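What's in input13.cif: mmCIF, C-alpha atoms and all ligand atoms
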data_model
loop_
_atom_site.group_PDB
_atom_site.id
_atom_site.type_symbol
_atom_site.label_atom_id
_atom_site.label_comp_id
_atom_site.auth_asym_id
_atom_site.auth_seq_id
_atom_site.Cartn_x
_atom_site.Cartn_y
_atom_site.Cartn_z
ATOM 1 C CA MET A 15 113.307 181.672 149.658
ATOM 2 C CA THR A 16 115.126 181.812 152.979
ATOM 3 C CA LYS A 17 113.505 182.848 156.296
ATOM 4 C CA ASP A 18 115.168 186.286 156.274
ATOM 5 C CA PHE A 19 113.730 187.041 152.873
ATOM 6 C CA GLU A 20 110.322 185.778 153.947
ATOM 7 C CA ARG A 21 110.436 188.238 156.828
ATOM 8 C CA ALA A 22 111.681 191.068 154.626
ATOM 9 C CA PHE A 23 108.736 190.625 152.289
ATOM 10 C CA ALA A 24 106.284 190.653 155.198
ATOM 11 C CA PHE A 25 106.342 194.436 154.700
ATOM 12 C CA PRO A 26 102.806 195.699 153.861
ATOM 13 C CA SER A 27 103.617 196.536 150.287
ATOM 14 C CA GLY A 28 105.341 193.165 150.353
ATOM 15 C CA GLY A 29 102.506 191.604 148.406
ATOM 16 C CA VAL A 30 103.090 193.760 145.349
ATOM 17 C CA LEU A 31 106.857 194.097 145.802
ATOM 18 C CA ARG A 32 107.227 190.401 146.308
ATOM 19 C CA ARG A 33 105.276 189.512 143.195
ATOM 20 C CA ARG A 34 107.304 191.976 141.166
ATOM 21 C CA ALA A 35 110.573 190.784 142.674
ATOM 22 C CA GLU A 36 109.762 187.126 142.059
ATOM 23 C CA THR A 37 108.765 187.681 138.470
ATOM 24 C CA GLY A 38 111.580 190.086 137.618
ATOM 25 C CA THR A 39 109.233 193.013 137.014
ATOM 26 C CA LEU A 40 110.479 195.457 139.646
ATOM 27 C CA ASN A 41 110.167 199.124 138.763
ATOM 28 C CA GLN A 42 113.274 201.170 138.145
ATOM 29 C CA ALA A 43 113.361 203.116 141.402
ATOM 30 C CA TYR A 44 111.831 202.847 144.862
ATOM 31 C CA ILE A 45 111.663 205.306 147.739
ATOM 32 C CA LEU A 46 111.671 203.283 150.966
ATOM 33 C CA PRO A 47 111.214 204.974 154.356
ATOM 34 C CA LEU A 48 112.960 202.197 156.292
ATOM 35 C CA PRO A 49 116.112 201.815 158.404
ATOM 36 C CA ALA A 50 119.174 201.383 156.172
ATOM 37 C CA ASP A 51 119.853 197.913 157.589
ATOM 38 C CA HIS A 52 116.340 196.616 156.816
ATOM 39 C CA ASN A 53 116.283 193.158 155.241
ATOM 40 C CA LEU A 54 114.064 194.381 152.448
ATOM 41 C CA PHE A 55 116.991 196.144 150.754
ATOM 42 C CA THR A 56 118.966 192.919 150.631
ATOM 43 C CA ALA A 57 115.918 190.986 149.496
ATOM 44 C CA LEU A 58 115.190 193.411 146.658
ATOM 45 C CA ALA A 59 118.827 193.549 145.541
ATOM 46 C CA ALA A 60 119.061 189.756 145.583
ATOM 47 C CA SER A 61 115.818 189.500 143.593
ATOM 48 C CA ALA A 62 117.188 191.817 140.936
ATOM 49 C CA LEU A 63 120.541 190.029 140.647
ATOM 50 C CA CYS A 64 119.430 186.412 141.274
ATOM 51 C CA SER A 65 120.001 183.985 138.421
ATOM 52 C CA ALA A 66 117.073 181.649 139.192
ATOM 53 C CA PRO A 67 114.512 181.469 136.347
ATOM 54 C CA ASP A 68 111.627 182.388 138.668
ATOM 55 C CA ARG A 69 110.707 182.795 142.357
ATOM 56 C CA ARG A 70 113.546 185.216 142.942
ATOM 57 C CA PRO A 71 115.446 185.628 145.184
ATOM 58 C CA CYS A 72 116.272 181.943 145.453
ATOM 59 C CA GLY A 73 118.689 182.624 148.314
ATOM 60 C CA ILE A 74 121.144 179.966 147.143
ATOM 61 C CA CYS A 75 122.587 180.993 143.768
ATOM 62 C CA PRO A 76 126.041 182.686 143.761
ATOM 63 C CA HIS A 77 124.438 186.117 143.197
ATOM 64 C CA CYS A 78 122.044 185.757 146.133
ATOM 65 C CA ARG A 79 124.841 184.532 148.363
ATOM 66 C CA LYS A 80 127.095 187.431 147.514
ATOM 67 C CA VAL A 81 124.325 189.950 148.085
ATOM 68 C CA ILE A 82 123.589 188.397 151.473
ATOM 69 C CA SER A 83 127.260 188.434 152.479
ATOM 70 C CA GLY A 84 127.595 192.038 151.279
ATOM 71 C CA SER A 85 130.204 191.197 148.638
ATOM 72 C CA HIS A 86 128.302 191.407 145.346
ATOM 73 C CA PRO A 87 130.182 193.868 143.094
ATOM 74 C CA ASP A 88 126.963 194.907 141.348
ATOM 75 C CA PHE A 89 125.078 195.782 144.539
ATOM 76 C CA ARG A 90 126.479 199.203 145.387
ATOM 77 C CA ARG A 91 125.774 201.232 148.499
ATOM 78 C CA PHE A 92 126.192 204.999 148.399
ATOM 79 C CA ALA A 93 126.000 206.692 151.780
ATOM 80 C CA PRO A 94 126.977 210.041 153.281
ATOM 81 C CA GLU A 95 130.190 209.838 155.328
ATOM 82 C CA LYS A 96 129.672 209.013 158.982
ATOM 83 C CA ASP A 97 128.894 212.139 161.069
ATOM 84 C CA LYS A 98 128.065 214.093 157.907
ATOM 85 C CA ARG A 99 124.359 214.540 157.706
ATOM 86 C CA ILE A 100 124.058 215.344 154.071
ATOM 87 C CA PHE A 101 124.261 213.167 150.969
ATOM 88 C CA PRO A 102 126.681 215.341 148.973
ATOM 89 C CA VAL A 103 126.260 216.380 145.370
ATOM 90 C CA SER A 104 129.719 214.926 144.587
ATOM 91 C CA LEU A 105 128.462 211.490 145.622
ATOM 92 C CA ALA A 106 125.360 211.847 143.459
ATOM 93 C CA ARG A 107 127.681 212.629 140.520
ATOM 94 C CA ASP A 108 129.895 209.618 141.306
ATOM 95 C CA LEU A 109 126.781 207.491 141.280
ATOM 96 C CA ARG A 110 125.790 208.858 137.907
ATOM 97 C CA GLU A 111 129.162 207.935 136.416
ATOM 98 C CA GLU A 112 129.159 204.521 137.960
ATOM 99 C CA ALA A 113 125.678 203.700 136.786
ATOM 100 C CA TRP A 114 126.926 203.895 133.206
ATOM 101 C CA ILE A 115 129.717 201.364 133.753
ATOM 102 C CA LEU A 116 128.594 197.859 132.799
ATOM 103 C CA PRO A 117 127.869 195.358 135.588
ATOM 104 C CA ASN A 118 130.688 193.006 136.661
ATOM 105 C CA GLU A 119 128.944 189.706 137.216
ATOM 106 C CA ALA A 120 125.200 190.087 137.083
ATOM 107 C CA GLU A 121 123.014 191.317 134.265
ATOM 108 C CA ARG A 122 122.332 194.623 135.990
ATOM 109 C CA LYS A 123 123.371 196.852 138.850
ATOM 110 C CA VAL A 124 121.505 197.745 142.003
ATOM 111 C CA PHE A 125 122.211 201.013 143.789
ATOM 112 C CA LEU A 126 121.210 201.595 147.386
ATOM 113 C CA LEU A 127 121.315 205.289 148.293
ATOM 114 C CA GLU A 128 121.330 205.686 152.064
ATOM 115 C CA ALA A 129 119.802 208.806 153.595
ATOM 116 C CA ALA A 130 118.868 209.905 150.076
ATOM 117 C CA ASP A 131 116.387 212.427 151.485
ATOM 118 C CA THR A 132 119.314 214.470 152.860
ATOM 119 C CA MET A 133 120.346 215.477 149.318
ATOM 120 C CA ASN A 134 120.097 219.162 148.612
ATOM 121 C CA GLY A 135 118.531 220.485 145.406
ATOM 122 C CA ALA A 136 121.745 220.225 143.368
ATOM 123 C CA ALA A 137 122.317 216.611 144.433
ATOM 124 C CA GLN A 138 118.708 215.694 143.704
ATOM 125 C CA ASN A 139 119.010 217.238 140.267
ATOM 126 C CA ALA A 140 122.140 215.200 139.580
ATOM 127 C CA LEU A 141 120.207 212.095 140.636
ATOM 128 C CA LEU A 142 117.257 213.140 138.501
ATOM 129 C CA LYS A 143 119.429 213.087 135.373
ATOM 130 C CA ILE A 144 120.201 209.442 135.900
ATOM 131 C CA LEU A 145 116.607 208.567 136.823
ATOM 132 C CA GLU A 146 115.402 210.212 133.630
ATOM 133 C CA GLU A 147 117.637 208.120 131.402
ATOM 134 C CA PRO A 148 118.827 205.145 133.397
ATOM 135 C CA PRO A 149 120.957 202.335 131.952
ATOM 136 C CA ALA A 150 118.552 199.496 131.117
ATOM 137 C CA GLY A 151 117.562 197.289 134.023
ATOM 138 C CA THR A 152 119.315 199.290 136.744
ATOM 139 C CA LEU A 153 117.491 199.309 140.085
ATOM 140 C CA PHE A 154 117.676 202.301 142.437
ATOM 141 C CA LEU A 155 116.647 201.962 146.087
ATOM 142 C CA LEU A 156 116.348 205.330 147.842
ATOM 143 C CA GLN A 157 116.492 204.772 151.590
ATOM 144 C CA CYS A 158 115.109 207.689 153.573
ATOM 145 C CA GLU A 159 113.362 208.917 156.675
ATOM 146 C CA ASN A 160 110.913 211.245 155.029
ATOM 147 C CA PRO A 161 109.762 210.776 151.399
ATOM 148 C CA GLY A 162 108.311 214.318 151.579
ATOM 149 C CA ARG A 163 111.831 215.760 151.354
ATOM 150 C CA PHE A 164 112.316 214.635 147.752
ATOM 151 C CA LEU A 165 111.614 216.973 144.866
ATOM 152 C CA GLU A 166 108.366 216.177 143.097
ATOM 153 C CA THR A 167 110.392 215.452 139.953
ATOM 154 C CA ILE A 168 112.245 212.669 141.820
ATOM 155 C CA ARG A 169 109.120 211.287 143.473
ATOM 156 C CA SER A 170 107.304 211.084 140.166
ATOM 157 C CA ARG A 171 110.030 208.779 138.793
ATOM 158 C CA CYS A 172 109.988 206.456 141.804
ATOM 159 C CA THR A 173 107.528 204.139 143.476
ATOM 160 C CA VAL A 174 107.047 205.393 147.015
ATOM 161 C CA VAL A 175 106.621 202.452 149.386
ATOM 162 C CA GLN A 176 104.455 203.164 152.402
ATOM 163 C CA THR A 177 105.860 202.666 155.869
ATOM 164 C CA GLU A 178 104.521 199.864 157.992
ATOM 165 C CA ALA A 179 102.797 202.187 160.474
ATOM 166 C CA GLU A 180 101.243 204.319 157.740
ATOM 167 C CA ALA A 181 99.907 201.342 155.883
ATOM 168 C CA ALA A 182 98.388 199.853 159.033
ATOM 169 C CA SER A 183 96.849 203.069 160.366
ATOM 170 C CA SER A 184 95.468 204.329 157.062
ATOM 171 C CA GLY A 185 92.838 201.597 157.177
ATOM 172 C CA GLN A 186 91.903 202.396 160.763
ATOM 173 C CA GLU A 187 90.998 206.076 160.522
ATOM 174 C CA GLU A 188 87.357 205.400 159.736
ATOM 175 C CA ALA A 189 87.048 202.642 162.316
ATOM 176 C CA ALA A 190 88.508 204.892 165.018
ATOM 177 C CA SER A 191 86.108 207.683 164.086
ATOM 178 C CA GLU A 192 83.129 205.296 164.174
ATOM 179 C CA TYR A 193 84.227 204.005 167.567
ATOM 180 C CA LEU A 194 84.357 207.519 169.052
ATOM 181 C CA ASP A 195 80.928 208.348 167.574
ATOM 182 C CA LEU A 196 79.569 205.281 169.310
ATOM 183 C CA VAL A 197 81.302 206.134 172.595
ATOM 184 C CA LEU A 198 79.678 209.580 172.505
ATOM 185 C CA GLY A 199 76.361 208.241 171.215
ATOM 186 C CA ASN A 200 73.575 206.515 173.071
ATOM 187 C CA SER A 201 73.568 202.976 171.847
ATOM 188 C CA PRO A 202 75.571 200.607 174.053
ATOM 189 C CA ALA A 203 74.305 197.714 171.906
ATOM 190 C CA GLU A 204 75.821 199.209 168.772
ATOM 191 C CA LEU A 205 79.087 199.874 170.578
ATOM 192 C CA ALA A 206 79.133 196.238 171.692
ATOM 193 C CA ARG A 207 78.543 195.053 168.132
ATOM 194 C CA PHE A 208 81.335 197.296 166.886
ATOM 195 C CA LEU A 209 83.780 196.005 169.491
ATOM 196 C CA GLN A 210 82.950 192.431 168.551
ATOM 197 C CA LYS A 211 84.346 193.182 165.104
ATOM 198 C CA THR A 212 87.382 194.882 166.633
ATOM 199 C CA GLU A 213 88.384 191.801 168.567
ATOM 200 C CA LYS A 214 88.867 189.908 165.305
ATOM 201 C CA LEU A 215 91.350 192.410 163.871
ATOM 202 C CA PRO A 216 94.871 191.122 163.122
ATOM 203 C CA ARG A 217 97.279 192.487 165.732
ATOM 204 C CA PRO A 218 99.024 195.185 163.650
ATOM 205 C CA GLU A 219 95.596 196.611 162.726
ATOM 206 C CA LEU A 220 94.406 196.397 166.338
ATOM 207 C CA ALA A 221 97.484 198.337 167.478
ATOM 208 C CA ALA A 222 96.863 200.907 164.746
ATOM 209 C CA PHE A 223 93.181 201.158 165.718
ATOM 210 C CA LEU A 224 94.007 201.828 169.387
ATOM 211 C CA GLY A 225 96.642 204.434 168.516
ATOM 212 C CA GLU A 226 94.441 206.141 165.944
ATOM 213 C CA ALA A 227 91.381 206.233 168.269
ATOM 214 C CA LYS A 228 93.526 207.763 171.019
ATOM 215 C CA ARG A 229 94.839 210.385 168.615
ATOM 216 C CA GLN A 230 91.343 211.231 167.365
ATOM 217 C CA ALA A 231 89.973 211.423 170.934
ATOM 218 C CA VAL A 232 92.501 214.162 171.668
ATOM 219 C CA SER A 233 91.888 215.998 168.396
ATOM 220 C CA ARG A 234 88.116 216.087 169.057
ATOM 221 C CA LEU A 235 88.530 217.769 172.455
ATOM 222 C CA PRO A 236 88.601 221.447 171.382
ATOM 223 C CA ARG A 237 85.217 221.161 169.677
ATOM 224 C CA ALA A 238 83.522 218.917 172.250
ATOM 225 C CA SER A 239 80.812 219.880 174.734
ATOM 226 C CA ARG A 240 81.716 219.571 178.423
ATOM 227 C CA SER A 241 80.125 216.170 178.865
ATOM 228 C CA ASP A 242 81.602 214.880 175.598
ATOM 229 C CA ALA A 243 85.027 216.224 176.607
ATOM 230 C CA LEU A 244 84.799 214.271 179.855
ATOM 231 C CA ARG A 245 83.970 211.103 177.933
ATOM 232 C CA LEU A 246 86.782 211.708 175.471
ATOM 233 C CA HIS A 247 89.272 212.160 178.326
ATOM 234 C CA LYS A 248 88.142 208.931 179.939
ATOM 235 C CA THR A 249 88.152 207.120 176.611
ATOM 236 C CA GLN A 250 91.686 208.281 175.949
ATOM 237 C CA ALA A 251 92.778 206.868 179.322
ATOM 238 C CA LEU A 252 90.900 203.655 178.542
ATOM 239 C CA LEU A 253 92.651 203.340 175.172
ATOM 240 C CA ALA A 254 96.025 203.937 176.822
ATOM 241 C CA ARG A 255 95.211 201.071 179.206
ATOM 242 C CA ALA A 256 94.176 198.916 176.246
ATOM 243 C CA GLU A 257 97.528 199.684 174.606
ATOM 244 C CA ARG A 258 99.359 198.531 177.735
ATOM 245 C CA PHE A 259 97.308 195.321 177.620
ATOM 246 C CA PHE A 260 98.233 194.966 173.965
ATOM 247 C CA ASP A 261 101.941 195.391 174.740
ATOM 248 C CA ALA A 262 101.599 192.695 177.392
ATOM 249 C CA ASN A 263 100.313 190.402 174.620
ATOM 250 C CA VAL A 264 96.717 190.266 175.895
ATOM 251 C CA SER A 265 94.289 188.849 173.295
ATOM 252 C CA GLY A 266 92.067 190.972 171.049
ATOM 253 C CA GLY A 267 88.988 189.525 172.745
ATOM 254 C CA HIS A 268 90.128 190.709 176.168
ATOM 255 C CA ILE A 269 91.062 194.123 174.832
ATOM 256 C CA ALA A 270 87.623 194.530 173.241
ATOM 257 C CA GLY A 271 86.132 193.385 176.585
ATOM 258 C CA LEU A 272 88.124 196.049 178.411
ATOM 259 C CA LEU A 273 86.892 198.741 176.026
ATOM 260 C CA LEU A 274 83.312 197.526 176.426
ATOM 261 C CA SER A 275 83.271 197.331 180.237
ATOM 262 C CA GLY A 276 85.238 200.582 180.497
ATOM 263 C CA GLY A 277 82.680 202.238 178.240
ATOM 264 C CA ALA A 278 79.748 200.986 180.336
ATOM 265 C CA GLU A 279 81.409 202.078 183.569
ATOM 266 C CA MET A 280 82.025 205.523 182.139
ATOM 267 C CA ARG A 281 78.397 205.792 181.053
ATOM 268 C CA ASN A 282 77.240 205.018 184.602
ATOM 269 C CA GLN A 283 79.634 207.535 186.111
ATOM 270 C CA ILE A 284 78.859 210.412 183.815
ATOM 271 C CA ASP A 285 75.150 209.972 183.122
HETATM 272 ZN ZN ZN B 1 119.369 183.526 143.586
#
As structure tokens:
Amino acid sequence: MTKDFERAFAFPSGGVLRRRAETGTLNQAYILPLPADHNLFTALAASALCSAPDRRPCGICPHCRKVISGSHPDFRRFAPEKDKRIFPVSLARDLREEAWILPNEAERKVFLLEAADTMNGAAQNALLKILEEPPAGTLFLLQCENPGRFLETIRSRCTVVQTEAEAASSGQEEAASEYLDLVLGNSPAELARFLQKTEKLPRPELAAFLGEAKRQAVSRLPRASRSDALRLHKTQALLARAERFFDANVSGGHIAGLLLSGGAEMRNQID
């Protein structure tokens, strides 16, 4: 697999998607909240059309090469016209007709639907008809901004792939909540132990932890006592500083150190 494909599959659901892509067991349709030019679309299309016996996409067979150069006749992009913000029902109908025409060179077709979440109800229903009875082996990639805009009937026929940020932050909600409990609690030793774990987090998780803790600090404010509110304000500022450190590529150990010394300083000031 080439470097670009390696990077494309570094997506959080990449583990599952990659295994399925490599072994030719991709599902029929995916909803992907990603920019339309993301490498993952090319990687998935190449996997589906690649002629290698396993470890697809190989990146070197004629199918892979054509997908990469954007010239594979069986990898079809359907997108709203430029400056039009809606994926029109006529285009969804064209897609339906085309899906039933046999592939040109590969064993199947791959359809990439750009801005698919801008379809109105009629367009989504036209798409639904094809998703309900698709030609065997066809792969549909629904590129979108917001998977919540699809009808439930569409979503239930697709695999919704989580976004990078969602996947990273979903694991950090509890950690952020525990951190704030410790900041407001009375055990500096426990806070120190907690932050020792934090410094070992991989960087995407650390970024998600900082962002999530900052968000939760703000959301706790309305219900906080005066002294807690003061701590939450200071903690929020501390987390913002930690985020700036993070952006400057400072190590996890130093960031945890900042949170620890900032916490102790705050305790001395407020208590
Ligand atoms: Zn190939």
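Once the PyMOL selection byres (((chain A and resi 132) around 10) and not hetatm) is applied to the depicted file, the selected set reads Pro94, Arg99, Ile100, Phe101, Pro102, Glu128, Ala129, Ala130, Asp131, Met133, Asn134, Gly135, Ala137, Gln138, Cys158, Glu159, Asn160, Arg163 and Phe164 of chain A.
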Which chain A residues have any atom within 12 Å of an atom of ligand ZN 1 (chain B), and for each, what is the nearest pair of atoms with distance in Å to one decimal, counting all atoms listed in the file, rows sorted by chain and number, as a tab-separated table?
residue	atom	partner	partner_atom	distance
A:Met15	CA	B:ZN1	ZN	8.8
A:Thr16	CA	B:ZN1	ZN	10.4
A:Phe19	CA	B:ZN1	ZN	11.4
A:Ala35	CA	B:ZN1	ZN	11.4
A:Glu36	CA	B:ZN1	ZN	10.4
A:Gly38	CA	B:ZN1	ZN	11.8
A:Thr56	CA	B:ZN1	ZN	11.7
A:Ala57	CA	B:ZN1	ZN	10.1
A:Leu58	CA	B:ZN1	ZN	11.2
A:Ala59	CA	B:ZN1	ZN	10.2
A:Ala60	CA	B:ZN1	ZN	6.5
A:Ser61	CA	B:ZN1	ZN	6.9
A:Ala62	CA	B:ZN1	ZN	9.0
A:Leu63	CA	B:ZN1	ZN	7.2
A:Cys64	CA	B:ZN1	ZN	3.7
A:Ser65	CA	B:ZN1	ZN	5.2
A:Ala66	CA	B:ZN1	ZN	5.3
A:Pro67	CA	B:ZN1	ZN	9.0
A:Asp68	CA	B:ZN1	ZN	9.2
A:Arg69	CA	B:ZN1	ZN	8.8
A:Arg70	CA	B:ZN1	ZN	6.1
A:Pro71	CA	B:ZN1	ZN	4.7
A:Cys72	CA	B:ZN1	ZN	3.9
A:Gly73	CA	B:ZN1	ZN	4.9
A:Ile74	CA	B:ZN1	ZN	5.3
A:Cys75	CA	B:ZN1	ZN	4.1
A:Pro76	CA	B:ZN1	ZN	6.7
A:His77	CA	B:ZN1	ZN	5.7
A:Cys78	CA	B:ZN1	ZN	4.3
A:Arg79	CA	B:ZN1	ZN	7.3
A:Lys80	CA	B:ZN1	ZN	9.5
A:Val81	CA	B:ZN1	ZN	9.3
A:Ile82	CA	B:ZN1	ZN	10.2
A:Ala120	CA	B:ZN1	ZN	10.9
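In this comparison, which uses only C-alpha atoms, the residue of A:Leu116, A:Leu48, A:Ala150, A:Met280 approaching Pro202 in chain A most closely is A:Met280.
Going from CA of Thr37 in chain A to CA of Leu155 in chain A covers 18.0 Å.
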Given the file shown, enumerate the residues that the PyMOL selection byres (((chain A and resi 174) around 7) and not hetatm) captures and present them as a ChimeraX atom specification.
-> /A:44-46,172-173,175-176
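Coordinates place CA of Ala270 in chain A at a distance of 17.5 Å from CA of Glu187 in chain A.
Of the listed residues (A:Leu220, A:Ser241, A:Val103, A:His247), A:Leu220 comes nearest to Asp261 in chain A; the distances count only C-alpha atoms.
Of the residues listed (A:Ser191, A:Leu198, A:Leu253, A:Ile144), A:Leu198 shows the shortest atom-to-atom separation from Ser239 in chain A; distances use all atoms listed in the file.
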Exercise: Ala231 in chain A partners within 8 Å, all atoms listed in the file, chain neighbours under 5 positions left out, as an mmCIF file with C-alpha atoms, in the frame of the given file:
data_model
loop_
_atom_site.group_PDB
_atom_site.id
_atom_site.type_symbol
_atom_site.label_atom_id
_atom_site.label_comp_id
_atom_site.auth_asym_id
_atom_site.auth_seq_id
_atom_site.Cartn_x
_atom_site.Cartn_y
_atom_site.Cartn_z
ATOM 1 C CA LEU A 194 84.357 207.519 169.052
ATOM 2 C CA LEU A 246 86.782 211.708 175.471
ATOM 3 C CA HIS A 247 89.272 212.160 178.326
ATOM 4 C CA THR A 249 88.152 207.120 176.611
ATOM 5 C CA GLN A 250 91.686 208.281 175.949
#
Nearby residues (all atoms listed in the file) at most 12 Å from Glu192 in chain A, same-chain spacing under 2 positions excluded, as a PyMOL selection string = chain A and resi 186-190+194-199+204-205+207-209+212+223+226-227+230-231
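Once the PyMOL selection byres (((chain A and resi 147) around 12) and not hetatm) is applied to the depicted file, the selected set reads Gln42, Ala43, Arg110, Ala113, Trp114, Ala140, Leu141, Leu142, Lys143, Ile144, Leu145, Glu146, Pro148, Pro149, Ala150, Gly151, Thr152 and Arg171 of chain A.
Taking CA of His268 in chain A and CA of Gln210 in chain A as the two end points, the separation is 10.6 Å.
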Just the residues within 10 Å of Leu272 in chain A, please, counting all atoms listed in the file, with nothing from its chain fewer than 2 positions along; format it as a list in words.
-> Leu209, Leu252, Leu253, Arg255, Ala256, Phe259, Gly266, Gly267, His268, Ile269, Ala270, Leu274, Ser275, Gly276, Gly277 and Ala278 of chain A
Save the residues we just selected, C-alpha atoms, as a PDB file, in the coordinates of the input?
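Generated file (selection-v4.pdb):
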ATOM      1  CA  LEU A 209      83.780 196.005 169.491  1.00  0.00           C
ATOM      2  CA  LEU A 252      90.900 203.655 178.542  1.00  0.00           C
ATOM      3  CA  LEU A 253      92.651 203.340 175.172  1.00  0.00           C
ATOM      4  CA  ARG A 255      95.211 201.071 179.206  1.00  0.00           C
ATOM      5  CA  ALA A 256      94.176 198.916 176.246  1.00  0.00           C
ATOM      6  CA  PHE A 259      97.308 195.321 177.620  1.00  0.00           C
ATOM      7  CA  GLY A 266      92.067 190.972 171.049  1.00  0.00           C
ATOM      8  CA  GLY A 267      88.988 189.525 172.745  1.00  0.00           C
ATOM      9  CA  HIS A 268      90.128 190.709 176.168  1.00  0.00           C
ATOM     10  CA  ILE A 269      91.062 194.123 174.832  1.00  0.00           C
ATOM     11  CA  ALA A 270      87.623 194.530 173.241  1.00  0.00           C
ATOM     12  CA  LEU A 274      83.312 197.526 176.426  1.00  0.00           C
ATOM     13  CA  SER A 275      83.271 197.331 180.237  1.00  0.00           C
ATOM     14  CA  GLY A 276      85.238 200.582 180.497  1.00  0.00           C
ATOM     15  CA  GLY A 277      82.680 202.238 178.240  1.00  0.00           C
ATOM     16  CA  ALA A 278      79.748 200.986 180.336  1.00  0.00           C
TER      17      ALA A 278
END
Selecting N, CA and C atoms, how would range 104-115 of chain A from this structure be written as a PDB file, in the first residue's frame?
ATOM      1  N   SER A 104     -32.890  15.338  -9.533  1.00  0.00           N
ATOM      2  CA  SER A 104     -32.600  14.827 -10.878  1.00  0.00           C
ATOM      3  C   SER A 104     -31.276  14.045 -10.880  1.00  0.00           C
ATOM      4  N   LEU A 105     -30.319  14.529 -10.104  1.00  0.00           N
ATOM      5  CA  LEU A 105     -29.018  13.864 -10.043  1.00  0.00           C
ATOM      6  C   LEU A 105     -29.132  12.513  -9.322  1.00  0.00           C
ATOM      7  N   ALA A 106     -29.967  12.487  -8.291  1.00  0.00           N
ATOM      8  CA  ALA A 106     -30.182  11.224  -7.573  1.00  0.00           C
ATOM      9  C   ALA A 106     -30.823  10.200  -8.514  1.00  0.00           C
ATOM     10  N   ARG A 107     -31.695  10.684  -9.409  1.00  0.00           N
ATOM     11  CA  ARG A 107     -32.333   9.763 -10.380  1.00  0.00           C
ATOM     12  C   ARG A 107     -31.329   9.296 -11.424  1.00  0.00           C
ATOM     13  N   ASP A 108     -30.460  10.224 -11.879  1.00  0.00           N
ATOM     14  CA  ASP A 108     -29.405   9.831 -12.831  1.00  0.00           C
ATOM     15  C   ASP A 108     -28.543   8.723 -12.232  1.00  0.00           C
ATOM     16  N   LEU A 109     -28.222   8.921 -10.966  1.00  0.00           N
ATOM     17  CA  LEU A 109     -27.384   7.952 -10.260  1.00  0.00           C
ATOM     18  C   LEU A 109     -28.055   6.589 -10.247  1.00  0.00           C
ATOM     19  N   ARG A 110     -29.358   6.604  -9.989  1.00  0.00           N
ATOM     20  CA  ARG A 110     -30.098   5.355  -9.921  1.00  0.00           C
ATOM     21  C   ARG A 110     -30.013   4.619 -11.260  1.00  0.00           C
ATOM     22  N   GLU A 111     -30.200   5.365 -12.347  1.00  0.00           N
ATOM     23  CA  GLU A 111     -30.122   4.726 -13.668  1.00  0.00           C
ATOM     24  C   GLU A 111     -28.733   4.192 -13.940  1.00  0.00           C
ATOM     25  N   GLU A 112     -27.747   5.005 -13.577  1.00  0.00           N
ATOM     26  CA  GLU A 112     -26.384   4.591 -13.894  1.00  0.00           C
ATOM     27  C   GLU A 112     -25.933   3.386 -13.079  1.00  0.00           C
ATOM     28  N   ALA A 113     -26.440   3.291 -11.878  1.00  0.00           N
ATOM     29  CA  ALA A 113     -26.032   2.176 -11.027  1.00  0.00           C
ATOM     30  C   ALA A 113     -26.408   0.836 -11.651  1.00  0.00           C
ATOM     31  N   TRP A 114     -27.454   0.850 -12.480  1.00  0.00           N
ATOM     32  CA  TRP A 114     -27.907  -0.409 -13.081  1.00  0.00           C
ATOM     33  C   TRP A 114     -27.172  -0.759 -14.366  1.00  0.00           C
ATOM     34  N   ILE A 115     -26.349   0.155 -14.861  1.00  0.00           N
ATOM     35  CA  ILE A 115     -25.540  -0.163 -16.054  1.00  0.00           C
ATOM     36  C   ILE A 115     -24.293  -0.918 -15.596  1.00  0.00           C
TER      37      ILE A 115
END
